[in-house]
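As structure tokens, the structure follows; a few thoughts come after it.
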Amino acid sequence: MYLQKHSGRRLCAAITAALLAAIQISVAQTPAKKQQKTQDIPEVVITATMSETESWRTASSVTVIDRKKIEEQQYRFAIDALRNVPGVTIATNGVPGNVATVLTRGTTTKDTAVMIDGRPLPANLAGSFNLETMTLDNVERIEVLRGPAASLYGGRTMGGVINIITRSGKGLEKPKTTAFFETGSYGTFREGVSSIGAIGKLDWGFEASRTDIDGQRQNGQFRQTSLAGKVGYQLADSLRFDLDTRYYNAQSGTPGPFYAVDPDAQVLSEFWSISPRLVWNTNDRWTQSLTFSHSQFRQTATGMGGFLSPNNRTSSRTDFLEYKSIVKVTDKWTLTAGAWFQDQKISRYNDTASMLDISQSQTNYALFLQSQAELFKGFNLIGGVRYDEYSDFSNAFTWRSGISYLVPVVHTVLHANYGTAYTPPTPQDLTPVFGGNPDLLTPERSRSYEFGITQPLFQNKLSLRATYFHNDLRNTYQYLPPLYIPVAVGSATTQGLESGLDWNPCTMFGVNLSYTYLEANDNTNAARLVRRPRHSVSGGIRFQPVKDVTFNLSALYVADREDFTPTGQSDLEDYVNVRLSANWRVNDHLDLFARVENLLGQKFQENYGFPIMGTGAYAGLRLRF
């Protein structure tokens, strides 16, 4: 049963009132200051081209969530940070730690690849990537590339790529260590420590954190321990070695839908990985890298409901190897080439039936090549091709071509992009126990294009942007009720408009707003694809009344969507989710922070049958050394 009593309601009201009062007091005490002129630095991204490139030159749609925004908005997990990205829809079951759905431009979760520092994160049985357990305590920024990316990254990229870039101590003169503690509604406690720094040729970045949440629903608890570390060493002037390691274990209740609550179902998961990388700056124009990664994932499900949801133990092992070469042929022309190997083995033991009901392995080899050239001042042309060979299903050839142009004087940026992509079948798609087809050999494929414009105004204090996108999907399928087995859709189309603005008239005040219009249709059966809202509006106001105090008020409005219900495919209610946060840097060694989530207390469901948590208030402190 969905709990009606909210023990933290008075705490929420108190923190909200305190935040609003603090805003008024800060305004009253704000001294008049002359605005300082700042030099605009072009945004540089990595994910769109595999190398550091000014964002406007990539001919792609890339959103960057930097460390400053992560801290000011108090995002704790990756799914929190992704909710307000244009073109991205997050749908959860309302229980912390439960699997989250990530829909990029109307494609499914398995169509968006997830990377950590450019290393692919292994997918689970259904092709998702457990972003709901990805903490951000040691993350420098998140780059979200929307649009086909198979010409560089291969399969599962019809929607795009999410690249989580971690913090490094390289170049720091003095190590920095941070410890934090947070508590709040629904029995929430979070604590952790992180450190970045460098000594001589050695640099590092480490984090350890613990999360405990009792939850709002019966059997809605979540417990997680997370460890991550990155060590770098300069072996020679031109040769660098780094080692990335990470580990987490999590336990979460899975109560199911509100109309059939399961008080006993539990999922215990554990993941670890180790990944060495060598980077050789062969000369001033040529950089080569070699990356290896080994990861293992284990999951145990207990207290489940029977034949369709048995008690089980799932395990996977993934090995990844990539060679990459970046050659700056001239100052205006760069070539990127590489080779890729990935091998994954997945098995599941059905404890209810006392049998091994899943045992699969997939191997992928690939070669890729990309060219970036500035043909004349401000006009950039990008093209890329990739060939993937698979052990168990059809091979794939993909390509991409894009152009961007910076109009002189007015600084308007125009871009257009066309590409092909594909998603190979997941282990779940191939497994008879899930209703899958072991003879499914044809990947889902897409042809996509986009074109857009960005216009800065008033010395870059105001930026306007709009991008139209269109995806034609074929050989695709959905998991339909009541058995949720894969059913061929055949052909589908997703198309729409991503638009927005950023207005920062001064250092103490800023506004951002984005609107996404999406049409996502199953062409074969003349129906809408579920959980894709037609309208999504997100925005925020940032207010910094004094140098060390920052307030953020953000909101997400989602309207016109459908989902599977007991009566068939039906409309879901619209909702508004409002978040208020405050940060106070008391001195160089102490930060205080607080936030209220779901400020308006709206009752809504991102997935039908799974209510989202009500209003919650949280506060904590951060110590810096």
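Each chain in the structure tokens gets a letter, A, B and so on, in the order shown; residues start at 1 in every chain, and ligands are counted from 1 in the order they appear.
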**OP:** From the DSSP assignment of the backbone, select every residue of segment 37-191 of chain A that is strand (DSSP E or B), and format the answer as a VMD selection string.
**Re:** chain A and resid 44 to 45 53 to 54 61 to 66 77 88 to 91 101 to 104 112 to 116 119 to 120 135 139 to 146 160 to 166 176 to 184 188 to 191
**OP:** Extract, using only C-alpha atoms, all DNA, RNA and protein residues at most 8 Å from Gln362 of chain A, discarding same-chain residues fewer than 5 positions from it, and format them as a PyMOL selection string.
**Re:** chain A and resi 343-345+390-392
Output file for the selection above: N, CA and C atoms, as a compact mmCIF listing (two decimals), in the first residue's frame:
```txt
# COMPACT_ATOMS: atom_id res chain seq x y z
N ASP A 343 33.93 -8.60 -25.49
CA ASP A 343 33.43 -9.95 -25.29
C ASP A 343 32.64 -9.98 -23.98
N GLN A 344 31.41 -10.48 -24.05
CA GLN A 344 30.55 -10.51 -22.86
C GLN A 344 29.94 -11.89 -22.71
N LYS A 345 29.95 -12.39 -21.46
CA LYS A 345 29.31 -13.66 -21.13
C LYS A 345 28.30 -13.40 -20.01
N TYR A 390 29.98 -9.37 -35.52
CA TYR A 390 29.47 -10.03 -34.31
C TYR A 390 29.53 -11.54 -34.45
N SER A 391 29.66 -12.19 -33.32
CA SER A 391 29.75 -13.65 -33.31
C SER A 391 28.39 -14.31 -33.47
N ASP A 392 27.32 -13.63 -33.08
CA ASP A 392 26.02 -14.30 -32.98
C ASP A 392 24.93 -13.71 -33.86
```
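Take atom CA of Ala198 of chain A and atom CA of Gly232 of chain A: the distance between them is 9.0 Å.
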Subject >> Residue neighbourhood Thr157 of chain A, 9 Å, only C-alpha atoms, exclusion window fewer than 4 positions, as a PyMOL selection string >> reply: chain A and resi 110-113+147-150+153+161+421-423
**OP:** Quick one: everything within 10 Å of segment 432-448 of chain A, counting only C-alpha atoms, minus sequence neighbours fewer than 5 positions away in the same chain. Send it as an NGL selection string.
**Re:** :A and (111 or 147-148 or 155-159 or 307-309 or 357-358 or 392-396 or 398-400 or 417-427 or 469-477 or 479 or 483-487 or 490-495)
Subject >> Residues within 12 Å of Ala301 of chain A, only C-alpha atoms, excluding chain neighbours under 3 positions, as an MDAnalysis selection string >> reply: chainID A and resid 250:254 264:269 298 304:306 309:315 348:352
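For the residues A:Ala208, A:Leu136, A:Leu125, A:Ala91, ranking by smallest atom-to-atom distance to Gln360 of chain A using only C-alpha atoms places A:Leu125 first.
You can rank A:Arg83, A:Arg595, A:Arg622, A:Lys324 by their closest distance to Leu152 of chain A using only C-alpha atoms, and at the top of that list sits A:Lys324.
Using only C-alpha atoms for every distance, the candidate list A:Met355, A:Ile70, A:Val102, A:Val85 yields A:Ile70 as the residue closest to Ser581 of chain A.
Coordinates place atom CA of Trp340 of chain A at a distance of 25.1 Å from atom CA of Arg167 of chain A.
When the distance limit is 8 Å and only C-alpha atoms are what count, the residues near Phe543 of chain A, minus those fewer than 4 positions from it on the same chain, are Met508, Phe509, Gly510, Thr550, Phe551 and Asn552 of chain A.
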**OP:** Using atom CA of Pro263 of chain A and atom CA of Gly220 of chain A as the two end points, give the distance in Å to one decimal.
**Re:** 8.9 Å
**OP:** Do a neighbour search on Tyr248 of chain A at 12 Å with only C-alpha atoms, toss out local chain neighbours closer than 6 positions, and write the hits as JSON, numbers by chain.
**Re:** {"A": [130, 133, 134, 135, 207, 208, 209, 210, 211, 223, 224, 225, 226, 227, 228, 229, 268, 269, 270, 271, 272, 273, 295, 296, 297, 298, 299]}
Original post:
Which residue, A:Leu243, A:Ala59, A:Val45, A:Leu430, has the smallest gap to Ile382 of chain A when you use only C-alpha atoms?
Top reply: A:Ala59
